[in-house]
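Single-structure report; data block below.
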Amino acid sequence: MPQTRGRFITVEGIEGAGKSTCLTFMRDRLIQAGRAVLVTREPGGTALGEELRALLLGHRQEGMGEDAELLLMFAARAEHLAQKILPALARGDDVLCDRFTDATYAYQGAGRGIARERIAAMENWVQKGLRPDLTLLLDLPVERGLERAGKRSTPDRFESETVRFFQLVRQGYLDLAEAEPDRIKRIDASQPLVEVERQLAQVIDAYPEYDKVEFG
Ligand code: T5A
């Protein structure tokens, strides 16, 4: 019998796109379909990852260089994969992750200007071929996203970036979606929540083979 694993599903988008809101909807939908689901996030998801998240998002290290930022993202990811994601997939659980490596291509790549090949080298090293099975890209104009995000709390280190930075990030995501249309599904996140949820349900419900994905 081939060993099987759960599905690795990620949610991406700029600040305020609605990722956290949509993750709850998606988790409930998967559970209703009879799946065991691990919900997690990046950077974070483990004790070390959450400490790195505090360093990356907080304002204590304002002058952090772009290479250090990239390496810290992948350090958190390596721990996350080893401690949580791979064990959950091996158990047969679906993993629903708020951001993953597409965020690195969008923020550190398109946003900060780090060459794609350098990110790809880290991706291959840390992930050893593992990539999300399905990615929901919540897309909306930058101004709308920042307006939604700004209603909540004090801006973190990324949220303090310029509109231009987020335009580059958004375009980076759209380029990824164009390059990988089978994996990355663009959702129009500018719509009212009920319409966004309708789009999400359509994608999730249509996704085949919940429990027969080969491992490794
Ligand atoms: N990062 C991360 C990198 O640079 N590289 C990497 O490799 C990784 C993994 C993480 C930061 O780290 C960076 C990117 C990020 O800057 P984060 O907290 O995970 O930070 O991400 P944020 O985008 O900051 O999370 P937010 O909470 O701001 O955005 P969400 O989760 O997209 O939005 P959400 O769900 O909290 O919604 C925001 C508001 O909008 C409302 C919600 O009720 C809420 O009030 N809303 C809607 N309103 C109207 N219509 C809709 N359709 C709505 N959907 C949500």
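Ordering of the structure tokens sets the chain letters (A, B, ...), residue numbers begin anew at 1 in every chain, and ligands are numbered from 1 in the order given.
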Environment of ligand 1 within 7 Å, counting only C-alpha atoms and all ligand atoms, reported as a PyMOL selection string: chain A and resi 13-22+41-43+57+73+98-104+107-108+148-149+151-152+158-159+189-193+196
Which of chain A end up as strand (DSSP E or B) when DSSP is run on this backbone - answer as a PyMOL selection string? chain A and resi 4-5+8-13+37-41+94-98+134-139+184-188+213-214
Would you mind exporting the chosen residues as a PDB file, in the first residue's frame, restricted to C-alpha atoms?
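File produced: part13.pdb:
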ATOM      1  CA  THR A   4      -0.602   8.618   2.005  1.00  0.00           C
ATOM      2  CA  ARG A   5      -0.642  12.081   3.566  1.00  0.00           C
ATOM      3  CA  PHE A   8      -1.019  21.064   2.398  1.00  0.00           C
ATOM      4  CA  ILE A   9      -3.181  24.145   1.768  1.00  0.00           C
ATOM      5  CA  THR A  10      -1.882  27.697   2.120  1.00  0.00           C
ATOM      6  CA  VAL A  11      -3.571  31.086   2.134  1.00  0.00           C
ATOM      7  CA  GLU A  12      -1.730  34.134   0.825  1.00  0.00           C
ATOM      8  CA  GLY A  13      -2.303  37.806   0.173  1.00  0.00           C
ATOM      9  CA  VAL A  37      -7.224  19.878  10.151  1.00  0.00           C
ATOM     10  CA  LEU A  38      -4.153  21.565  11.594  1.00  0.00           C
ATOM     11  CA  VAL A  39      -4.376  25.364  11.371  1.00  0.00           C
ATOM     12  CA  THR A  40      -1.078  27.176  11.642  1.00  0.00           C
ATOM     13  CA  ARG A  41       0.770  30.259  10.421  1.00  0.00           C
ATOM     14  CA  ASP A  94      -4.828  18.486   6.224  1.00  0.00           C
ATOM     15  CA  VAL A  95      -2.582  21.436   7.064  1.00  0.00           C
ATOM     16  CA  LEU A  96      -4.079  24.889   6.603  1.00  0.00           C
ATOM     17  CA  CYS A  97      -1.299  27.447   6.789  1.00  0.00           C
ATOM     18  CA  ASP A  98      -1.621  31.250   6.912  1.00  0.00           C
ATOM     19  CA  LEU A 134      -3.222  24.178  -3.123  1.00  0.00           C
ATOM     20  CA  THR A 135      -2.815  27.912  -2.484  1.00  0.00           C
ATOM     21  CA  LEU A 136      -5.651  30.418  -2.188  1.00  0.00           C
ATOM     22  CA  LEU A 137      -4.435  33.889  -3.131  1.00  0.00           C
ATOM     23  CA  LEU A 138      -6.735  36.523  -1.662  1.00  0.00           C
ATOM     24  CA  ASP A 139      -6.246  39.429  -4.022  1.00  0.00           C
ATOM     25  CA  ILE A 184      -2.523  28.956  -7.006  1.00  0.00           C
ATOM     26  CA  LYS A 185      -6.164  30.014  -7.233  1.00  0.00           C
ATOM     27  CA  ARG A 186      -6.855  33.744  -7.225  1.00  0.00           C
ATOM     28  CA  ILE A 187      -9.824  34.788  -5.118  1.00  0.00           C
ATOM     29  CA  ASP A 188     -11.321  38.269  -5.548  1.00  0.00           C
ATOM     30  CA  VAL A 213      -1.950  12.048  -1.958  1.00  0.00           C
ATOM     31  CA  GLU A 214       1.342  10.165  -2.078  1.00  0.00           C
TER      32      GLU A 214
END
Of the candidates A:Gln127, A:Thr154, A:Gln61, A:Thr24, which one gets nearest to Ala78 in chain A if we count only C-alpha atoms?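 Closest residue, counting only C-alpha atoms: A:Gln127.
Considering only C-alpha atoms, the residue among A:Lys84, A:Arg183, A:Val126, A:Phe166 positioned nearest to Gly145 in chain A is A:Phe166.
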Excluding same-chain residues fewer than 4 positions from Leu81 in chain A, what lies within 10 Å of it counting only C-alpha atoms, as JSON, numbers by chain? {"A": [45, 46, 76, 77, 85, 86, 87, 88, 89, 126, 127, 130]}
Run DSSP on the backbone of this structure and report the residues of chain A it assigns to alpha helix (DSSP H), as JSON, numbers by chain. {"A": [19, 20, 21, 22, 23, 24, 25, 26, 27, 28, 29, 30, 31, 32, 47, 48, 49, 50, 51, 52, 53, 54, 55, 56, 57, 66, 67, 68, 69, 70, 71, 72, 73, 74, 75, 76, 77, 78, 79, 80, 86, 87, 88, 89, 90, 91, 101, 102, 103, 116, 117, 118, 119, 120, 121, 122, 123, 124, 125, 126, 127, 142, 143, 144, 145, 146, 147, 148, 149, 150, 163, 164, 165, 166, 167, 168, 169, 170, 171, 172, 173, 174, 175, 176, 177, 178, 179, 193, 194, 195, 196, 197, 198, 199, 200, 201, 202, 203, 204, 205, 206]}
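For the choices A:Lys128, A:Arg53, A:Arg170, A:Arg60, the atom-to-atom distance to Ala82 in chain A is smallest for A:Lys128 when using only C-alpha atoms.
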Which residues come within 8 Å of Ala110 in chain A, counting only C-alpha atoms, excluding same-chain residues fewer than 2 positions away, as a ChimeraX atom specification? /A:105-108,112-114,168-169,171-172
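As for CA of Ile204 in chain A and CA of Gln167 in chain A, they are spaced 27.6 Å apart.
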A:Gly34, A:Glu66, A:Glu79, A:Leu72: which is nearest Ala54 in chain A, counting only C-alpha atoms? A:Leu72
re CA of Met122 in chain A and CA of Leu56 in chain A: distance 17.9 Å
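Considering only C-alpha atoms, the residue among A:Asp205, A:Asp133, A:Glu143, A:Glu117 positioned nearest to Ala33 in chain A is A:Asp205.
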